[in-house]
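Below is the file target.txt, which contains compact mmCIF, C-alpha atoms.
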# COMPACT_ATOMS: atom_id res chain seq x y z
CA MET M 1123 110.11 103.09 111.72
CA PRO M 1124 106.81 104.54 113.05
CA ILE M 1125 103.88 104.79 110.65
CA ASN M 1126 103.22 108.53 110.24
CA ASP M 1127 100.24 108.33 107.88
CA ALA M 1128 98.46 105.02 108.39
CA ASN M 1129 95.53 106.03 106.19
CA SER M 1130 97.77 106.54 103.16
CA VAL M 1131 99.65 103.30 103.84
CA ALA M 1132 96.44 101.28 104.17
CA LEU M 1133 94.94 102.79 101.01
CA ASP M 1134 98.12 102.24 99.00
CA LEU M 1135 98.37 98.58 100.10
CA VAL M 1136 94.75 97.85 99.25
CA ASN M 1137 95.00 99.54 95.85
CA LYS M 1138 98.15 97.59 94.98
CA ALA M 1139 96.62 94.28 96.12
CA GLY M 1140 93.37 94.72 94.22
CA SER M 1141 90.11 92.90 94.89
CA GLY M 1142 91.64 89.51 94.12
CA GLY M 1143 94.83 90.04 96.11
CA TRP M 1144 96.03 89.89 99.69
CA VAL M 1145 97.67 92.52 101.85
CA VAL M 1146 100.53 90.99 103.85
CA LEU M 1147 101.98 93.10 106.66
CA ASN M 1148 105.47 92.61 108.06
CA PHE M 1149 105.41 94.95 111.06
CA THR M 1150 105.56 94.82 114.83
CA PRO M 1151 102.08 94.55 116.40
CA PRO M 1152 101.71 98.28 117.25
CA GLU M 1153 102.57 99.33 113.68
CA ALA M 1154 100.38 96.62 112.13
CA LEU M 1155 97.57 97.73 114.42
CA VAL M 1156 97.54 101.34 113.20
CA ILE M 1157 97.43 100.19 109.58
CA LEU M 1158 94.58 97.76 110.23
CA GLN M 1159 92.65 100.34 112.25
CA ALA M 1160 93.12 102.84 109.44
CA ALA M 1161 91.85 100.28 106.93
CA GLN M 1162 88.76 99.74 109.06
CA LYS M 1163 88.16 103.46 109.47
CA LEU M 1164 88.32 103.87 105.69
CA GLY M 1165 86.13 100.80 105.08
CA LEU M 1166 88.91 98.95 103.25
CA GLU M 1167 88.92 95.63 105.15
CA ASP M 1168 86.66 93.90 102.60
CA ARG M 1169 88.21 95.49 99.48
CA VAL M 1170 90.79 92.71 99.17
CA LYS M 1171 90.59 88.93 99.29
CA GLY M 1172 92.36 88.74 102.64
CA TRP M 1173 94.86 90.18 105.09
CA GLY M 1174 97.98 88.48 106.39
CA CYS M 1175 100.72 89.31 108.86
CA SER M 1176 104.05 87.82 109.88
CA THR M 1177 104.74 86.09 113.20
CA PRO M 1178 104.92 89.18 115.49
CA CYS M 1179 101.18 89.70 114.98
CA ASN M 1180 100.42 86.43 116.78
CA THR M 1181 99.61 88.18 120.04
CA ASP M 1182 96.42 88.72 122.00
CA PHE M 1183 97.40 92.40 122.24
CA LEU M 1184 96.55 92.76 118.57
CA ALA M 1185 93.38 90.65 118.72
CA LYS M 1186 92.01 92.61 121.68
CA ALA M 1187 92.82 95.98 120.12
CA LEU M 1188 91.28 95.13 116.74
CA GLY M 1189 87.95 93.89 118.04
CA PRO M 1190 85.44 91.57 116.34
CA LYS M 1191 85.43 93.44 113.02
CA TRP M 1192 88.60 91.53 112.10
CA ASN M 1193 87.45 88.08 113.26
CA HIS M 1194 88.69 85.54 110.69
CA LYS M 1195 89.72 88.29 108.26
CA LEU M 1196 93.37 88.60 109.35
CA PHE M 1197 95.61 85.52 109.19
CA VAL M 1198 98.99 85.32 110.90
CA ASN M 1199 101.85 83.00 110.02
CA ALA M 1200 102.52 81.97 113.63
CA GLU M 1201 105.71 80.04 114.23
CA LEU M 1202 104.59 78.94 117.68
CA THR M 1203 101.46 77.46 119.21
CA SER M 1204 98.72 79.98 119.97
CA PRO M 1205 98.52 80.49 123.77
CA ASP M 1206 94.90 81.60 123.55
CA ASP M 1207 93.50 78.22 122.55
CA HIS M 1208 96.11 75.83 123.97
CA ASN M 1209 96.73 75.13 127.63
CA GLY M 1210 98.87 72.02 127.99
CA PRO M 1211 101.36 71.63 130.86
CA GLU M 1212 104.25 73.46 129.20
CA MET M 1213 101.97 76.20 127.90
CA GLN M 1214 100.73 76.70 131.47
CA LEU M 1215 104.35 76.97 132.66
CA TYR M 1216 105.12 79.60 130.01
CA LYS M 1217 101.99 81.55 130.95
CA ASN M 1218 102.85 81.41 134.65
CA ILE M 1219 106.42 82.62 134.04
CA LEU M 1220 105.19 85.46 131.84
CA SER M 1221 102.57 86.43 134.42
CA GLN M 1222 105.11 86.47 137.25
CA TYR M 1223 108.16 87.96 135.56
CA GLY M 1224 107.02 89.46 132.25
CA LYS M 1225 104.30 91.94 133.05
CA ASN M 1226 106.18 94.58 131.05
CA VAL M 1227 106.89 92.35 128.05
CA ALA M 1228 105.56 94.09 124.95
CA GLY M 1229 102.73 92.22 123.30
CA GLY M 1230 101.88 89.94 126.20
CA LEU M 1231 100.88 86.39 125.27
CA GLY M 1232 102.14 85.54 121.80
CA SER M 1233 104.93 84.23 119.62
CA PHE M 1234 107.68 86.64 120.71
CA SER M 1235 107.37 85.93 124.42
CA GLU M 1236 107.06 82.22 123.64
CA MET M 1237 110.33 82.46 121.73
CA GLY M 1238 111.92 84.07 124.79
CA TYR M 1239 110.68 81.24 126.98
CA LEU M 1240 112.06 78.60 124.59
CA LEU M 1241 115.37 80.43 124.25
CA GLY M 1242 115.77 80.17 128.01
CA LYS M 1243 114.63 76.55 128.10
CA PHE M 1244 116.98 75.36 125.35
CA SER M 1245 119.92 77.47 126.56
CA VAL M 1246 119.73 76.29 130.17
CA GLY M 1247 119.35 72.69 129.06
CA ALA M 1248 122.44 72.98 126.87
CA MET M 1249 124.53 74.67 129.57
CA GLN M 1250 123.65 71.93 132.04
CA THR M 1251 125.35 69.38 129.79
CA VAL M 1252 128.74 71.13 130.01
CA LYS M 1253 131.31 69.17 131.98
CA GLY M 1254 134.08 71.26 133.46
CA ASP M 1255 134.68 74.92 132.68
CA TYR M 1256 132.40 77.17 130.68
CA ASN M 1257 134.42 78.56 127.79
CA ILE M 1258 133.81 79.44 124.15
CA LYS M 1259 134.41 75.89 122.95
CA SER M 1260 132.44 74.06 125.63
CA VAL M 1261 129.45 76.38 125.35
CA ASN M 1262 129.43 76.36 121.54
CA ASP M 1263 129.69 72.57 121.52
CA ALA M 1264 126.78 72.35 123.95
CA PHE M 1265 124.58 74.50 121.73
CA LYS M 1266 125.54 72.59 118.58
CA ALA M 1267 124.54 69.38 120.38
CA ILE M 1268 120.95 70.52 120.99
CA LYS M 1269 118.67 68.12 119.13
CA ASP M 1270 115.19 66.62 119.23
CA GLN M 1271 113.90 69.09 121.79
CA LYS M 1272 110.18 68.38 121.94
CA THR M 1273 107.83 71.08 123.12
CA GLU M 1274 104.12 71.69 122.69
CA LEU M 1275 104.98 75.26 121.71
CA LEU M 1276 106.43 74.12 118.36
CA CYS M 1277 105.25 71.88 115.55
CA GLN M 1278 108.54 69.98 115.35
CA PRO M 1279 111.32 68.77 117.62
CA TRP M 1280 113.92 71.57 117.72
CA VAL M 1281 117.56 71.03 116.75
CA TYR M 1282 120.58 73.31 116.44
CA GLY M 1283 123.26 71.07 114.95
CA ASP M 1284 126.40 71.83 112.98
CA TYR M 1285 124.82 73.04 109.75
CA PRO M 1286 125.76 75.84 107.31
CA LEU M 1287 122.46 77.60 108.17
CA HIS M 1288 119.89 77.25 110.94
CA ILE M 1289 116.14 77.18 110.32
CA PRO M 1290 115.06 74.47 112.76
CA ASN M 1291 111.55 75.89 113.09
CA ASN M 1292 110.26 75.35 109.55
CA ALA M 1293 106.72 74.18 110.22
CA ASP M 1294 104.14 76.76 111.22
CA PHE M 1295 100.58 77.40 112.34
CA THR M 1296 98.10 79.97 111.05
CA THR M 1297 96.16 82.01 113.60
CA THR M 1298 93.35 84.54 113.31
CA PRO M 1299 91.61 87.00 115.66
CA ASP M 1300 88.42 85.78 117.31
CA ASN M 1301 86.75 88.15 119.78
CA GLY M 1302 89.96 89.35 121.42
CA LYS M 1303 91.94 86.12 121.14
CA MET M 1304 94.25 84.66 118.52
CA VAL M 1305 92.88 81.22 117.69
CA THR M 1306 94.35 78.51 115.49
CA ALA M 1307 92.96 78.59 111.95
CA GLN M 1308 95.38 76.00 110.54
CA GLN M 1309 97.35 73.35 112.39
CA CYS M 1310 100.99 72.45 111.70
CA PHE M 1311 102.13 72.58 108.09
CA ASN M 1312 105.60 72.50 106.59
CA VAL M 1313 106.85 75.80 105.20
CA SER M 1314 107.18 75.47 101.44
CA SER M 1315 110.58 74.41 100.14
CA ASP M 1316 109.99 76.78 97.21
CA ASP M 1317 111.86 79.16 99.52
CA PRO M 1318 115.49 78.44 98.57
CA GLN M 1319 116.76 78.83 102.15
CA ILE M 1320 114.20 76.32 103.41
CA ALA M 1321 115.23 73.93 100.64
CA GLN M 1322 118.90 74.40 101.51
CA TYR M 1323 118.27 73.78 105.20
CA ARG M 1324 116.21 70.64 104.61
CA LYS M 1325 118.88 69.29 102.27
CA ALA M 1326 121.42 69.67 105.08
CA ALA M 1327 119.32 68.74 108.12
CA GLY M 1328 116.28 66.87 106.83
CA THR M 1329 112.72 67.59 107.88
CA ALA M 1330 111.66 66.85 111.43
CA PRO M 1331 108.24 65.23 111.74
CA SER M 1332 105.39 67.63 112.50
CA THR M 1333 103.21 66.92 115.48
CA ASN M 1334 99.92 68.69 116.07
CA PRO M 1335 99.73 69.78 119.70
CA PRO M 1336 96.61 69.13 121.76
CA THR M 1337 93.90 71.76 121.48
CA SER M 1338 93.13 71.78 125.21

Give the structure from this file in structure tokens form.
Amino acid sequence: MPINDANSVALDLVNKAGSGGWVVLNFTPPEALVILQAAQKLGLEDRVKGWGCSTPCNTDFLAKALGPKWNHKLFVNAELTSPDDHNGPEMQLYKNILSQYGKNVAGGLGSFSEMGYLLGKFSVGAMQTVKGDYNIKSVNDAFKAIKDQKTELLCQPWVYGDYPLHIPNNADFTTTPDNGKMVTAQQCFNVSSDDPQIAQYRKAAGTAPSTNPPTS
């Protein structure tokens, strides 16, 4: 739903958080942007302890639009490696594919387009294992058999498996704006198992080892 009065939203969030609290946004980047810009216009950015945002905000679109005023003031729970300060071989491939085929992808470089790249990578790999006809059973079996998929775009090897729920990506990064880029503020860490769904998933599937990707 579009934000019709960003000033009121920003003021209400800051007042509810208080000087010792955090404002955590769970919006798409364009909607988060209007709230953050309103907060800046009203001089609210330093009225709280900090600002956070969920994974969609991990995009250079947001960092460029916000400008340096928000450097290291906004922190994003990024489920995938930040493209702005990583450039390993697979990250370069993702960037090249996005540049060639995804010029109209909303948000540009960032977690959502990375997810699209990995969806294609894992899906094609699974389909290539099918022997014989593609049908509901053979395709479903192929997806359930995906395991230990290592990629520099994630903290952990990725697995689908035959589990009652699926949260294979349960270790994250934290990113923050830095002069028009989203840079890594915190390397891989396991999402807290205080979340009951995370605890349930780990009980069923275990916890894959986290691996910090290279910072090149």

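Here CA of Asp1182 (chain M) is placed at a distance of 22.3 Å from CA of Trp1144 (chain M).
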
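Relative to CA of Leu1155 (chain M), CA of Ser1204 (chain M) is found at 18.6 Å.
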
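Closest to Gly1189 (chain M) among M:Pro1151, M:Gly1302, M:Gly1142, M:Pro1331 is M:Gly1302, based on all atoms listed in the file.
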
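Take CA of Val1156 (chain M) and CA of Phe1311 (chain M): the distance between them is 29.6 Å.
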
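Residue nearest Ala1321 (chain M), chosen from M:Ile1289, M:Ile1219, M:Val1170, M:Val1281 and counting all atoms listed in the file: M:Ile1289.
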
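Minimum distance to Asp1300 (chain M) across M:Asp1270, M:Glu1212, M:Asp1206, M:Glu1236 (counting only C-alpha atoms) occurs at M:Asp1206.
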
Give the answer as one residue: which of M:Ala1185, M:Ile1268, M:Ala1128, M:Leu1287 has the shortest atom-to-atom distance to Ala1161 (chain M), using all atoms listed in the file?
M:Ala1128

Out of M:Trp1173, M:Pro1211, M:Glu1201, M:Ser1130, which residue has the shortest atom-to-atom distance to Ala1160 (chain M) when counting all atoms listed in the file?
M:Ser1130

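Using all atoms listed in the file, the residues found no farther than 12 Å from Gly1238 (chain M), other than those of its own chain fewer than 3 positions away, are Leu1202, Tyr1216, Lys1217, Ile1219, Leu1220, Gly1224, Val1227, Ala1228, Gly1230, Leu1231, Gly1232, Ser1233, Phe1234, Ser1235, Leu1241, Gly1242, Lys1243, Phe1244, Ser1245 and Leu1275 of chain M.
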
Please determine an axis-aligned box that encloses all atoms of region 1267-1286 of chain M listed in the file, with 5 Å added on each side, and express its centre and edge lengths in Å to one decimal as JSON.
{"center_x": 115.3, "center_y": 71.2, "center_z": 115.2, "size_x": 32.3, "size_y": 19.2, "size_z": 25.8}

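Polymer residues near (118.1, 73.4, 127.2): counting only C-alpha atoms with a cut-off of 12 Å, they are Tyr1239, Leu1240, Leu1241, Gly1242, Lys1243, Phe1244, Ser1245, Val1246, Gly1247, Ala1248, Met1249, Gln1250, Thr1251, Val1252, Val1261, Ala1264, Phe1265, Lys1266, Ala1267, Ile1268, Lys1269, Asp1270, Gln1271, Lys1272, Thr1273, Trp1280, Val1281 and Tyr1282 of chain M.
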
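With only C-alpha atoms as the atoms that count, the minimum distance from Lys1138 (chain M) to the choices M:Asp1284, M:Tyr1256, M:Arg1169, M:Pro1299 is reached by M:Arg1169.
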
Write out as a PyMOL selection string which residues come within 12 Å of Phe1197 (chain M) when counting only C-alpha atoms, dropping same-chain ones fewer than 4 positions away.
chain M and resi 1144-1147+1171-1181+1184-1185+1192-1193+1295-1300+1304-1308

For region 1293-1321 of chain M, supply N, CA and C atoms and report the output as an mmCIF file, in the coordinates of the input.
data_model
loop_
_atom_site.group_PDB
_atom_site.id
_atom_site.type_symbol
_atom_site.label_atom_id
_atom_site.label_comp_id
_atom_site.auth_asym_id
_atom_site.auth_seq_id
_atom_site.Cartn_x
_atom_site.Cartn_y
_atom_site.Cartn_z
ATOM 1 N N ALA M 1293 108.131 74.552 110.344
ATOM 2 C CA ALA M 1293 106.720 74.180 110.220
ATOM 3 C C ALA M 1293 105.930 75.158 111.083
ATOM 4 N N ASP M 1294 104.839 75.652 110.567
ATOM 5 C CA ASP M 1294 104.140 76.760 111.220
ATOM 6 C C ASP M 1294 102.661 76.447 111.456
ATOM 7 N N PHE M 1295 102.022 77.360 112.183
ATOM 8 C CA PHE M 1295 100.580 77.400 112.340
ATOM 9 C C PHE M 1295 100.059 78.651 111.626
ATOM 10 N N THR M 1296 98.741 78.724 111.436
ATOM 11 C CA THR M 1296 98.100 79.970 111.050
ATOM 12 C C THR M 1296 97.086 80.321 112.130
ATOM 13 N N THR M 1297 97.123 81.570 112.594
ATOM 14 C CA THR M 1297 96.160 82.010 113.600
ATOM 15 C C THR M 1297 95.350 83.185 113.066
ATOM 16 N N THR M 1298 94.234 83.459 113.743
ATOM 17 C CA THR M 1298 93.350 84.540 113.310
ATOM 18 C C THR M 1298 92.653 85.128 114.532
ATOM 19 N N PRO M 1299 92.329 86.423 114.524
ATOM 20 C CA PRO M 1299 91.610 87.000 115.660
ATOM 21 C C PRO M 1299 90.203 86.416 115.790
ATOM 22 N N ASP M 1300 89.779 86.241 117.033
ATOM 23 C CA ASP M 1300 88.420 85.780 117.310
ATOM 24 C C ASP M 1300 87.981 86.371 118.646
ATOM 25 N N ASN M 1301 87.273 87.499 118.579
ATOM 26 C CA ASN M 1301 86.750 88.150 119.780
ATOM 27 C C ASN M 1301 87.816 88.357 120.860
ATOM 28 N N GLY M 1302 88.921 88.981 120.464
ATOM 29 C CA GLY M 1302 89.960 89.350 121.420
ATOM 30 C C GLY M 1302 91.005 88.302 121.679
ATOM 31 N N LYS M 1303 90.931 87.164 120.993
ATOM 32 C CA LYS M 1303 91.940 86.120 121.140
ATOM 33 C C LYS M 1303 92.476 85.756 119.769
ATOM 34 N N MET M 1304 93.695 85.189 119.763
ATOM 35 C CA MET M 1304 94.250 84.660 118.520
ATOM 36 C C MET M 1304 94.052 83.151 118.548
ATOM 37 N N VAL M 1305 93.183 82.641 117.685
ATOM 38 C CA VAL M 1305 92.880 81.220 117.690
ATOM 39 C C VAL M 1305 93.504 80.559 116.462
ATOM 40 N N THR M 1306 93.690 79.254 116.548
ATOM 41 C CA THR M 1306 94.350 78.510 115.490
ATOM 42 C C THR M 1306 93.394 78.280 114.331
ATOM 43 N N ALA M 1307 93.764 78.782 113.155
ATOM 44 C CA ALA M 1307 92.960 78.590 111.950
ATOM 45 C C ALA M 1307 93.481 77.414 111.127
ATOM 46 N N GLN M 1308 94.763 77.099 111.284
ATOM 47 C CA GLN M 1308 95.380 76.000 110.540
ATOM 48 C C GLN M 1308 96.452 75.367 111.411
ATOM 49 N N GLN M 1309 96.359 74.052 111.582
ATOM 50 C CA GLN M 1309 97.350 73.350 112.390
ATOM 51 C C GLN M 1309 98.666 73.210 111.630
ATOM 52 N N CYS M 1310 99.617 72.523 112.222
ATOM 53 C CA CYS M 1310 100.990 72.450 111.700
ATOM 54 C C CYS M 1310 101.060 72.106 110.219
ATOM 55 N N PHE M 1311 101.853 72.872 109.497
ATOM 56 C CA PHE M 1311 102.130 72.580 108.090
ATOM 57 C C PHE M 1311 103.576 72.950 107.817
ATOM 58 N N ASN M 1312 104.210 72.217 106.932
ATOM 59 C CA ASN M 1312 105.600 72.500 106.590
ATOM 60 C C ASN M 1312 105.690 73.735 105.698
ATOM 61 N N VAL M 1313 106.594 74.639 106.048
ATOM 62 C CA VAL M 1313 106.850 75.800 105.200
ATOM 63 C C VAL M 1313 107.343 75.303 103.841
ATOM 64 N N SER M 1314 106.873 75.942 102.783
ATOM 65 C CA SER M 1314 107.180 75.470 101.440
ATOM 66 C C SER M 1314 108.670 75.514 101.144
ATOM 67 N N SER M 1315 109.170 74.455 100.540
ATOM 68 C CA SER M 1315 110.580 74.410 100.140
ATOM 69 C C SER M 1315 110.811 75.168 98.837
ATOM 70 N N ASP M 1316 109.759 75.853 98.321
ATOM 71 C CA ASP M 1316 109.990 76.780 97.210
ATOM 72 C C ASP M 1316 110.894 77.924 97.651
ATOM 73 N N ASP M 1317 110.900 78.193 98.968
ATOM 74 C CA ASP M 1317 111.860 79.160 99.520
ATOM 75 C C ASP M 1317 113.241 78.507 99.467
ATOM 76 N N PRO M 1318 114.197 79.096 98.750
ATOM 77 C CA PRO M 1318 115.490 78.440 98.570
ATOM 78 C C PRO M 1318 116.251 78.185 99.871
ATOM 79 N N GLN M 1319 116.078 79.062 100.872
ATOM 80 C CA GLN M 1319 116.760 78.830 102.150
ATOM 81 C C GLN M 1319 116.166 77.633 102.883
ATOM 82 N N ILE M 1320 114.840 77.484 102.825
ATOM 83 C CA ILE M 1320 114.200 76.320 103.410
ATOM 84 C C ILE M 1320 114.688 75.046 102.723
ATOM 85 N N ALA M 1321 114.751 75.091 101.402
ATOM 86 C CA ALA M 1321 115.230 73.930 100.640
ATOM 87 C C ALA M 1321 116.667 73.599 101.009
#
